[in-house]
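Enquirer: Below is a structure I'd like to ask you about.
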Amino acid sequence: MKPNSYRQKRHMTPRRRGRASGFALVISLSLMVLLTILSVGLLTLSTVSLRASTQEDAMRVARSNARMALMMAIGQLQKSAGPDQRITAPAAIADESTPIGFTGAWKAWARGEQGTSTYDKDSRFTGWLASSSLGGAAKPNMTTVPHVSPETPGAALLLGEGTLKERTKSSGADARMAVKPTIVEGAALNGHIAWATMDESTKSRLSLPSERTLSSPAREIAHVGAPAADGPQVIEALEDFEATAANVAKMISTGSADLQVGKDKMGQLTPDLTVWSASLMTNPVDGGLKKDLSSLFSRTLTAGEKNIRLFSDAGLQTGEGDPYMSALAGYHNLYDKIGKSIGGTKPDADGVAAFMPAGYDATVYNPQLQKYLPKPQAPKDMILAPSVLRVDVIFSLIVRDAHNPDRITRLKALGRNYMLHLMYLPVVTLHNPYNVPLTFDSVKVSFEDIPIGFNIMIDGQPLSSTLVPVNGMFASTEGDSSLTKNFGVTLRTSVTNTTQPIRMLPGQTKLFGTPKVEPSWRWVDEQPGAGADGTKLFDWNQGRNFTADFQMAPTLISPPSTSCGFDVDWLNPRPLQTAAGVANSGGEGIVALKGTEKIGVTFGPMAPKVAANTFTIVTEVKSANKLTKTGAIRVNYQSVQRLKELVEEGTSIRFPNGSRKFPEVFPKLPDDKELTVADLYERNETAVSKYLNPKPFVLFSVSGKTTKESFVPSRPYADAAPGIGISKIDFSAGKDLQGDVPIEMVMMPIRGGNRAIEEDRAKQEAFFFGGHGLDSGMPRATFYEIPQMPLQSLAQFRHARTGNTGFHPNVTYTAGESLASPLIGTERIKSSWPGDGSEMLDQAWLTNAAMWDRYFLSTIAPQNAAVFGTNTRTTGKVIEEFVSGKGRLLNERLKPLLGGNSAEETTAALSSNDAWLLAAAHMIEEGGFNVNSLSVDAWASVPLSASQCPGFDSGRHRKR
């Protein structure tokens with residue numbers, strides 16, 4: 001049994017062992033596979049973790065580099081452009097091939113440096129606001145712009161294709177923006193940084209609402225002075241854009257703006273439009289903040305403030321023509337004079353009464369000469385007065401019946417029943433240069449000793465041995481011109497009314513040429529040779545001197561093709577008579593005629609002895625029952641020969657017969673026909689308005705210049721103010737030239753029956769500006785604006801007339817004017833007038849330099865002018881609502897900036913007497929524009945912000 005058992009046992013044992021070994025192998029293999037998978041997984045996890053750790057390290061480094069780049073960019077911005085005395089401009093100013101966006105910074109001109117060379121830009125350059133401009137030369141180089149080609153290996157592309165539009169599409173210029181990056185070395189990882197700081201102020205701000213809370217007409221007036229929004233509709237892609245408050249409130253980024261104006265439009269307009277730009281009122285010359293003229297001018301100025309001189313206070317070159325701050329304040333506040341009476345002179349509801357500052361006088365009396373001479377001066381307040389455009393004297397010939405019973409008998413025995421008379425008619429043209437009606441009591445224009453002489457000819461023979469001035473054509477003077485012949489012309493609404501004021505429409509001219517008598521006046525009314533022997537116009541008696549002080553009404557006294565005026569008959573002074581003069585004198589100093597003679601006259605320059613080769617015109621304006629001298633010119637013509645040269649100089653379409661040569665004759669064949677008694681005769685009973693036969697033959701004139709008809713061409717209105725103001729002119733050889741002075745002295749023959757002066761009789765208006773007649777001239781032209789409300793822009797001070805105060809070159813406009821007077825040039829701002837060596841200041845340049853850098857207008861001022869209607873606000877109310885955000889200023893782009901101050905503290909600061917020094921610290925301007933911008937669309941959008949005004953059609957301005 002045992003063997004069997006043993007065998008069986010031996011048989012079973014190997015089988016059990018075989019099964020155990022196979023299982024272990026499977027288990028071992030399974031474990032190995034599991035371990036392999038686990039190892040691979042752990043290895044993979046380790047690799048992923050390692051990679052993630054590396055990426056996080058790189059991201060951390062990149063973010064650190066970005067923060068460092070931002071800090072460096074801000075530091076660079078602070079260093080290069082942070083001080084107030086810095087100016088930024090696009091790099092394309094230095095290199096036109098540079099893509100839009102690169103910005104550079106320059107030091108501004110400091111006090112004492114303004115007016116020096118404008119080309120010294122390199123030394124003022126502080127750097128380009130981009131990363132690749134760091135670490136270069138010790139001195140920034142303006143000519144090396146940090147831009148590189150986008151294809152440059154390793155270049156950092158800041159703005160890619162399509163973000164910035166091409167500058168010049170026709171040339172295919174690349175508008176992408178790329179710089180060379182700066183390497184940042186680290187312990188384990190290196191990096192690169194790159195940046196460029198762009199100037200949003202070179203763009204037009206899109207996110208400004210055009211809606212205003214004001215009512216009409218204040219809304220439209222304020223919009224023109226300080227538009228609430230730009231005019232992006234001028235850009236073709238945005239022509240349908242509506243700048244409503246709801247639309248612009250959603251524009252918090254370029255992307256959100258794209259949703260408002262249309263998909264994919266903003267990207268191409270990125271160089272032109274922005275939604276972020278805002279500005280502080282900083283002074284780039286002196287540093288610090290600008291001063292607020294609105295706050296200053298809306299209160300009473302102290303004595304010291306009134307005496308501030310604009311140029312001197314700014315550290316600029318100064319002189320007698322330096323405007324007073326009080327004069328600017330006077331202009332700013334003119335809106336308060338609209339519709340208000342001044343001393344009894346009541347204007348229209350929309351007009352102003354003439355106004356002259358207390359103590360103002362445009363003349364100074366010279367006791368040695370016993371004459372009033374021009375006194376150039378900068379006034380301390382605004383002067384509101386009409387301008388004298390032209391003073392003319394028309395000389396005419398007329399034949400009348402002999403007068404005086406004894407003379408009639410004596411002449412009849414000689415067969416001479418007629419007498420030749422000379423008439424002279426002063427004509428004055430006034431102008432209202434303002435854009436509102438102007439009312440005043442009267443104007444008086446005084447002049448004396450007209451430098452012209454005459455020699456009557458009968459049958460071709462001269463009656464005198466020389467030309468005889470008007471001063472010598474009196475029985476008491478007998479050719480002697482050592483006594484003054486003066487004219488004092490008081491302009492009134494009629495020749496009899498002494499109380500009715502004169503009202504002139506905006507820009508209107510008014511011609512006065514009816515002296516002393518009504519148009520129904522007749523020669524017989526003078527009672528010549530009997531009774532009164534001269535009552536109004538018969539000026540034979542030097543002792544009476546009818547012309548010294550007389551009243552003159554609008555329109556010419558007689559038809560313009562003929563003439564009338566003051567009358568003298570002593571044309572043949574006995575001491576000067578030739579043989580022909582004796583034969584035609586009837587034993588007196590007259591010209592006695594038979595009726596068959598051929599009549600003529602020689603005329604030309606002749607200086608009366610008493611005149612001392614000078615001619616003076618003084619203008620006085622009466623308003624508020626007070627007569628004030630507002631204008632004076634004095635012309636020194638040196639000698640008769642020099643005067644002859646002056647009146648012969650130049651040609652004009654006004655005198656189509658060519659050049660003028662004096663002495664001249666009348667009639668001059670073939671332009672004129674021969675004259676006899678029948679051609680010149682008027683009956684004593686004929687009303688002057690019915691005169692047909694008197695013949696005007698010469699015009700003597702002193703006037704402002706016109707653009708088309710001046711004998712010596714110049715640029716009136718661009719280089720000189722219109723009209724006759726205050727001026728000292730010396731035409732002596734080597735001194736003043738006719739082309740340089742603001743007036744012209746004209747002696748013009750009248751030929752072929754032409755009109756001496758053209759007028760619009762129905763409207764009592766003259767023609768001027770372009771020319772002296774209907775073909776070239778105009779009856780109305782506005783040059784200066786009277787503000788309807790507190791000013792909103794410094795450019796509005798161009799109408800304050802601070803450059804037209806008697807100092808050469810007497811410019812029309814100053815603030816906002818970019819034209820340099822050719823008398824000074826562009827290389828200097830101060831020069832000397834050739835005539836008397838007096839100083840000349842470049843008023844436009846100095847005004848711009850003084851005002852734009854140092855001042856601004858917050859429009860914190862009372863809103864109580866008539867244009868506000870019933871919606872008026874006091875200054876306090878304006879400040880309160882502005883600070884609280886419940887109301888807007890007239891300049892709606894200005895927003896309150898409280899900073900760390902409370903509303904009460906800000907209100908107190910803006911309400912104090914020092915508010916003009918503090919206001920800039922409490923407000924910020926949205927959409928300030930950098931004039932160095934090179935964006936055509938931005939430049940089109942900003943000035944055409946008026947397109948946002950109701951009723952303005954922006955479509956017609958799209959093509960530029």
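The way I read the labels, and the way they are meant: chains A, B, ... in the order of the structure tokens, residue 1 as the first residue of every chain, and ligand 1 as the first ligand shown, with later ones counted on from there.
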Considering only C-alpha atoms, give me a table of residues in range 400-458 of chain A that are at most 8 Å from range 388-391 of chain A, with the closest atom pair and distance in Å for each, as JSON lines.
Expert:
```
{"residue": "A:Pro426", "atom": "CA", "partner": "A:Val391", "partner_atom": "CA", "distance": 7.2}
{"residue": "A:Val427", "atom": "CA", "partner": "A:Val391", "partner_atom": "CA", "distance": 5.9}
{"residue": "A:Val428", "atom": "CA", "partner": "A:Val391", "partner_atom": "CA", "distance": 4.8}
{"residue": "A:Thr429", "atom": "CA", "partner": "A:Arg390", "partner_atom": "CA", "distance": 5.2}
{"residue": "A:Leu430", "atom": "CA", "partner": "A:Val388", "partner_atom": "CA", "distance": 4.7}
{"residue": "A:His431", "atom": "CA", "partner": "A:Val388", "partner_atom": "CA", "distance": 6.2}
```
Enquirer: Could those residues be written to a file, using C-alpha atoms, as a JSON list (two decimals), in the first residue's frame?
Expert:
```
[["chain", "number", "residue", "atom", "x", "y", "z"],
["A", 426, "PRO", "CA", -16.52, 167.87, -49.00],
["A", 427, "VAL", "CA", -17.79, 164.29, -48.91],
["A", 428, "VAL", "CA", -17.23, 161.99, -45.93],
["A", 429, "THR", "CA", -17.78, 158.22, -45.92],
["A", 430, "LEU", "CA", -18.43, 156.63, -42.54],
["A", 431, "HIS", "CA", -18.36, 152.94, -41.74]]
```
Enquirer: Among range 539-682 of chain A, which residues carry a DSSP assignment of alpha helix (DSSP H), reported as an MDAnalysis selection string?
Expert: chainID A and resid 579:583 640:648 677:680
Enquirer: Could you write out that same residue set with all heavy atoms as a compact mmCIF listing (two decimals), in the first residue's frame?
Expert:
```
# COMPACT_ATOMS: atom_id res chain seq x y z
N ALA A 579 -1.95 189.15 -68.48
CA ALA A 579 -2.68 190.06 -69.37
C ALA A 579 -4.08 189.52 -69.64
O ALA A 579 -5.07 190.28 -69.64
CB ALA A 579 -1.92 190.24 -70.68
N ALA A 580 -4.19 188.21 -69.85
CA ALA A 580 -5.51 187.63 -70.05
C ALA A 580 -6.34 187.72 -68.80
O ALA A 580 -7.56 187.89 -68.85
CB ALA A 580 -5.36 186.16 -70.49
N GLY A 581 -5.67 187.64 -67.64
CA GLY A 581 -6.39 187.78 -66.39
C GLY A 581 -6.97 189.15 -66.21
O GLY A 581 -8.12 189.31 -65.76
N VAL A 582 -6.21 190.18 -66.59
CA VAL A 582 -6.71 191.54 -66.50
C VAL A 582 -7.89 191.73 -67.45
O VAL A 582 -8.92 192.32 -67.10
CB VAL A 582 -5.58 192.54 -66.81
CG1 VAL A 582 -6.13 193.96 -66.90
CG2 VAL A 582 -4.47 192.45 -65.77
N ALA A 583 -7.75 191.19 -68.65
CA ALA A 583 -8.80 191.38 -69.66
C ALA A 583 -10.11 190.73 -69.27
O ALA A 583 -11.19 191.18 -69.68
CB ALA A 583 -8.32 190.82 -71.00
N VAL A 640 6.11 170.80 -52.55
CA VAL A 640 5.19 170.66 -53.69
C VAL A 640 5.71 169.63 -54.67
O VAL A 640 4.95 168.83 -55.22
CB VAL A 640 4.98 172.03 -54.37
CG1 VAL A 640 4.16 171.86 -55.65
CG2 VAL A 640 4.30 172.99 -53.43
N GLN A 641 7.01 169.62 -54.88
CA GLN A 641 7.58 168.64 -55.81
C GLN A 641 7.38 167.23 -55.31
O GLN A 641 7.01 166.33 -56.07
CB GLN A 641 9.07 168.92 -56.00
CG GLN A 641 9.79 167.93 -56.91
CD GLN A 641 9.18 167.84 -58.29
OE1 GLN A 641 8.73 168.84 -58.86
NE2 GLN A 641 9.18 166.64 -58.88
N ARG A 642 7.58 167.01 -54.00
CA ARG A 642 7.36 165.67 -53.44
C ARG A 642 5.88 165.30 -53.50
O ARG A 642 5.53 164.16 -53.79
CB ARG A 642 7.87 165.64 -52.00
CG ARG A 642 7.66 164.30 -51.30
CD ARG A 642 8.35 163.17 -52.01
NE ARG A 642 8.13 161.90 -51.33
CZ ARG A 642 8.09 160.72 -51.92
NH1 ARG A 642 8.22 160.66 -53.25
NH2 ARG A 642 7.90 159.62 -51.24
N LEU A 643 5.01 166.27 -53.24
CA LEU A 643 3.58 166.02 -53.33
C LEU A 643 3.20 165.64 -54.75
O LEU A 643 2.38 164.74 -54.97
CB LEU A 643 2.81 167.26 -52.89
CG LEU A 643 1.28 167.19 -52.98
CD1 LEU A 643 0.74 166.08 -52.09
CD2 LEU A 643 0.66 168.53 -52.58
N LYS A 644 3.80 166.30 -55.73
CA LYS A 644 3.55 165.97 -57.13
C LYS A 644 3.95 164.53 -57.43
O LYS A 644 3.23 163.78 -58.09
CB LYS A 644 4.33 166.93 -58.04
CG LYS A 644 4.20 166.69 -59.54
CD LYS A 644 4.97 167.76 -60.30
CE LYS A 644 4.83 167.56 -61.80
NZ LYS A 644 5.46 166.31 -62.27
N GLU A 645 5.08 164.10 -56.89
CA GLU A 645 5.53 162.72 -57.10
C GLU A 645 4.54 161.74 -56.48
O GLU A 645 4.25 160.68 -57.04
CB GLU A 645 6.91 162.54 -56.48
CG GLU A 645 8.00 163.35 -57.17
CD GLU A 645 9.31 163.30 -56.39
OE1 GLU A 645 9.34 162.65 -55.31
OE2 GLU A 645 10.29 163.93 -56.83
N LEU A 646 4.01 162.10 -55.31
CA LEU A 646 3.09 161.21 -54.61
C LEU A 646 1.79 161.03 -55.37
O LEU A 646 1.29 159.90 -55.51
CB LEU A 646 2.80 161.75 -53.21
CG LEU A 646 3.98 161.75 -52.22
CD1 LEU A 646 3.61 162.52 -50.96
CD2 LEU A 646 4.39 160.33 -51.86
N VAL A 647 1.21 162.13 -55.84
CA VAL A 647 -0.11 162.04 -56.48
C VAL A 647 0.00 161.58 -57.93
O VAL A 647 -1.03 161.31 -58.56
CB VAL A 647 -0.86 163.38 -56.39
CG1 VAL A 647 -1.14 163.73 -54.95
CG2 VAL A 647 -0.10 164.50 -57.09
N GLU A 648 1.20 161.47 -58.44
CA GLU A 648 1.38 160.92 -59.79
C GLU A 648 1.72 159.43 -59.76
O GLU A 648 1.68 158.76 -60.80
CB GLU A 648 2.50 161.67 -60.52
CG GLU A 648 2.14 163.08 -60.95
CD GLU A 648 3.27 163.78 -61.67
OE1 GLU A 648 4.42 163.28 -61.61
OE2 GLU A 648 3.02 164.82 -62.28
N VAL A 677 -19.84 178.96 -71.89
CA VAL A 677 -20.79 179.38 -70.87
C VAL A 677 -22.03 178.50 -70.90
O VAL A 677 -22.55 178.08 -69.85
CB VAL A 677 -21.16 180.86 -71.06
CG1 VAL A 677 -22.36 181.23 -70.19
CG2 VAL A 677 -19.98 181.75 -70.70
N ALA A 678 -22.51 178.16 -72.07
CA ALA A 678 -23.74 177.38 -72.18
C ALA A 678 -23.58 175.99 -71.57
O ALA A 678 -24.56 175.41 -71.07
CB ALA A 678 -24.14 177.27 -73.65
N ASP A 679 -22.37 175.47 -71.59
CA ASP A 679 -22.15 174.13 -71.06
C ASP A 679 -22.10 174.11 -69.53
O ASP A 679 -22.30 173.05 -68.92
CB ASP A 679 -20.84 173.56 -71.60
CG ASP A 679 -20.85 173.42 -73.11
OD1 ASP A 679 -21.83 172.85 -73.63
OD2 ASP A 679 -19.89 173.87 -73.75
N LEU A 680 -21.86 175.25 -68.90
CA LEU A 680 -21.67 175.31 -67.46
C LEU A 680 -22.74 176.11 -66.74
O LEU A 680 -22.78 176.13 -65.50
CB LEU A 680 -20.30 175.93 -67.13
CG LEU A 680 -19.06 175.16 -67.62
CD1 LEU A 680 -17.81 176.00 -67.39
CD2 LEU A 680 -18.92 173.83 -66.90
```
Enquirer: How many Å lie between CA of Leu491 in chain A and CA of Ile757 in chain A, rounded to one decimal?
Expert: 18.0 Å
Enquirer: Please compute the CA of Val443 in chain A-CA of Lys622 in chain A distance, one decimal, in Å.
Expert: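 Computed distance, CA of Val443 in chain A to CA of Lys622 in chain A, equals 6.0 Å.
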Enquirer: Near Met325 in chain A, within 8 Å and counting only C-alpha atoms, which residues show up once chain neighbours fewer than 5 positions away are dropped, as a list in words?
Expert: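 With the cut-off at 8 Å, the set is Glu305, Lys306, Asn307, Ile308, Arg309, Leu310 and Lys380 of chain A.
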Enquirer: If you count only C-alpha atoms, which residues fall within 12 Å of Thr514 in chain A, apart from same-chain ones fewer than 5 positions away, as number ranges by chain?
Expert: A: 424-428, 489-496, 519-521, 536-537, 550-560, 563-566, 688-689, 761, 764
Enquirer: According to DSSP computed on the backbone, where in range 17-99 of chain A is there strand (DSSP E or B)? Give the residues as a list in words.
Expert: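 Across range 17-99 of chain A, those assigned strand (DSSP E or B) are Arg86, Ile87, Thr88, Ala89 and Pro90 of chain A.
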Enquirer: Tell me which protein, DNA and RNA residues are within 10 Å of Thr906 in chain A, counting only C-alpha atoms, leaving out same-chain ones fewer than 5 positions away, and put them as a VMD selection string.
Expert: chain A and resid 879 to 880 883 to 884 896 to 901 911 918 to 919 921 to 923
Enquirer: If you keep all heavy atoms, can you produce a file of those selected residues as a compact mmCIF listing (two decimals), in the first residue's frame?
Expert:
```
# COMPACT_ATOMS: atom_id res chain seq x y z
N ILE A 879 -21.03 128.53 -11.14
CA ILE A 879 -20.00 127.76 -10.44
C ILE A 879 -20.62 126.60 -9.67
O ILE A 879 -20.13 125.46 -9.73
CB ILE A 879 -19.21 128.67 -9.49
CG1 ILE A 879 -18.43 129.73 -10.28
CG2 ILE A 879 -18.26 127.85 -8.62
CD1 ILE A 879 -17.78 130.78 -9.41
N GLU A 880 -21.68 126.87 -8.96
CA GLU A 880 -22.33 125.83 -8.15
C GLU A 880 -22.77 124.65 -9.01
O GLU A 880 -22.52 123.48 -8.67
CB GLU A 880 -23.53 126.44 -7.42
CG GLU A 880 -24.33 125.44 -6.61
CD GLU A 880 -25.61 126.04 -6.06
OE1 GLU A 880 -25.67 127.28 -5.93
OE2 GLU A 880 -26.55 125.27 -5.76
N VAL A 883 -19.66 122.62 -10.54
CA VAL A 883 -18.96 121.75 -9.59
C VAL A 883 -19.80 120.53 -9.22
O VAL A 883 -19.29 119.41 -9.11
CB VAL A 883 -18.57 122.55 -8.32
CG1 VAL A 883 -17.96 121.63 -7.27
CG2 VAL A 883 -17.58 123.65 -8.68
N SER A 884 -21.10 120.74 -9.08
CA SER A 884 -21.98 119.63 -8.69
C SER A 884 -22.31 118.71 -9.85
O SER A 884 -22.85 117.62 -9.65
CB SER A 884 -23.28 120.18 -8.10
OG SER A 884 -24.02 120.88 -9.09
N PRO A 896 -15.39 119.46 -14.20
CA PRO A 896 -14.80 119.70 -12.87
C PRO A 896 -13.78 118.63 -12.51
O PRO A 896 -13.94 117.46 -12.85
CB PRO A 896 -16.02 119.67 -11.95
CG PRO A 896 -17.06 118.89 -12.70
CD PRO A 896 -16.82 119.17 -14.14
N LEU A 897 -12.74 119.03 -11.82
CA LEU A 897 -11.69 118.13 -11.37
C LEU A 897 -11.49 118.41 -9.88
O LEU A 897 -10.74 119.29 -9.49
CB LEU A 897 -10.39 118.38 -12.16
CG LEU A 897 -9.23 117.45 -11.88
CD1 LEU A 897 -9.55 116.02 -12.29
CD2 LEU A 897 -7.98 117.93 -12.63
N LEU A 898 -12.19 117.62 -9.07
CA LEU A 898 -12.16 117.88 -7.63
C LEU A 898 -10.87 117.42 -6.98
O LEU A 898 -10.39 118.04 -6.04
CB LEU A 898 -13.36 117.19 -6.95
CG LEU A 898 -14.75 117.62 -7.44
CD1 LEU A 898 -15.82 116.95 -6.61
CD2 LEU A 898 -14.90 119.13 -7.39
N GLY A 899 -10.29 116.32 -7.49
CA GLY A 899 -9.09 115.79 -6.87
C GLY A 899 -9.36 115.41 -5.42
O GLY A 899 -10.31 114.71 -5.11
N GLY A 900 -8.56 115.92 -4.54
CA GLY A 900 -8.78 115.62 -3.12
C GLY A 900 -9.63 116.65 -2.42
O GLY A 900 -9.76 116.61 -1.20
N ASN A 901 -10.19 117.59 -3.17
CA ASN A 901 -10.99 118.65 -2.56
C ASN A 901 -12.47 118.27 -2.53
O ASN A 901 -12.95 117.51 -3.36
CB ASN A 901 -10.84 119.96 -3.34
CG ASN A 901 -9.41 120.46 -3.39
OD1 ASN A 901 -8.73 120.45 -2.37
ND2 ASN A 901 -8.95 120.89 -4.55
N SER A 911 -14.86 130.85 -6.60
CA SER A 911 -15.65 132.05 -6.31
C SER A 911 -14.80 133.17 -5.74
O SER A 911 -15.30 134.29 -5.56
CB SER A 911 -16.78 131.71 -5.33
OG SER A 911 -17.62 130.69 -5.84
N LEU A 918 -6.54 130.24 -9.84
CA LEU A 918 -6.77 128.90 -9.30
C LEU A 918 -7.63 128.01 -10.18
O LEU A 918 -7.62 126.79 -10.02
CB LEU A 918 -7.46 129.03 -7.92
CG LEU A 918 -6.76 129.89 -6.87
CD1 LEU A 918 -7.65 130.02 -5.64
CD2 LEU A 918 -5.41 129.30 -6.51
N ALA A 919 -8.38 128.59 -11.09
CA ALA A 919 -9.41 127.83 -11.81
C ALA A 919 -8.84 126.64 -12.56
O ALA A 919 -9.46 125.56 -12.59
CB ALA A 919 -10.15 128.76 -12.77
N ALA A 921 -6.67 124.59 -11.85
CA ALA A 921 -6.40 123.43 -11.00
C ALA A 921 -7.66 122.63 -10.71
O ALA A 921 -7.58 121.52 -10.16
CB ALA A 921 -5.76 123.88 -9.69
N HIS A 922 -8.81 123.16 -11.08
CA HIS A 922 -10.08 122.53 -10.70
C HIS A 922 -10.90 122.09 -11.92
O HIS A 922 -12.10 121.86 -11.79
CB HIS A 922 -10.90 123.49 -9.84
CG HIS A 922 -10.23 123.85 -8.55
ND1 HIS A 922 -10.25 123.03 -7.45
CD2 HIS A 922 -9.49 124.94 -8.20
CE1 HIS A 922 -9.56 123.60 -6.47
NE2 HIS A 922 -9.10 124.76 -6.89
N MET A 923 -10.25 121.99 -13.07
CA MET A 923 -10.99 121.54 -14.25
C MET A 923 -10.05 120.88 -15.25
O MET A 923 -8.83 121.08 -15.22
CB MET A 923 -11.73 122.71 -14.90
CG MET A 923 -10.87 123.87 -15.31
SD MET A 923 -11.88 125.28 -15.88
CE MET A 923 -12.75 125.74 -14.39
```
Enquirer: Find the residues near Ala257 in chain A: any atom within 8 Å, counting only C-alpha atoms, skip ones fewer than 6 places away on the same chain, and give them as a list of chain:residue names.
Expert: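 Final neighbour list, sorted by chain and number: A:Val248, A:Lys250, A:Met251, A:Met266, A:Val275.
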Enquirer: Write the selection just made, keeping N, CA and C atoms, as a CSV table (one decimal), in the first residue's frame?
Expert:
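To be explicit, this is the file written out as out_20.csv:
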```csv
chain,number,residue,atom,x,y,z
A,248,VAL,N,-22.3,108.5,-27.4
A,248,VAL,CA,-20.9,108.7,-26.9
A,248,VAL,C,-20.6,108.1,-25.5
A,250,LYS,N,-21.3,105.3,-24.6
A,250,LYS,CA,-20.9,103.9,-24.7
A,250,LYS,C,-19.5,103.7,-25.2
A,251,MET,N,-18.9,104.8,-25.6
A,251,MET,CA,-17.5,104.7,-26.2
A,251,MET,C,-16.5,104.8,-25.1
A,266,MET,N,-13.3,102.0,-37.1
A,266,MET,CA,-12.4,102.6,-36.2
A,266,MET,C,-10.9,102.2,-36.4
A,275,VAL,N,-11.0,108.2,-28.2
A,275,VAL,CA,-12.1,108.3,-27.3
A,275,VAL,C,-11.6,108.7,-25.9
```
Enquirer: With 12 Å as the cut-off and only C-alpha atoms counted, what is the closest atom pair between each nearby residue of range 734-801 of chain A and range 818-823 of chain A? Distances in Å to one decimal, ordered by chain and number, as a tab-separated table.
Expert:
```
residue	atom	partner	partner_atom	distance
A:Asp736	CA	A:Leu823	CA	11.0
A:Leu737	CA	A:Leu823	CA	10.8
A:Gly739	CA	A:Leu823	CA	10.1
A:Asp740	CA	A:Leu823	CA	7.1
A:Val741	CA	A:Leu823	CA	9.7
A:Pro742	CA	A:Leu823	CA	11.6
A:Ala795	CA	A:Ser818	CA	11.4
A:Arg798	CA	A:Ser818	CA	11.2
```
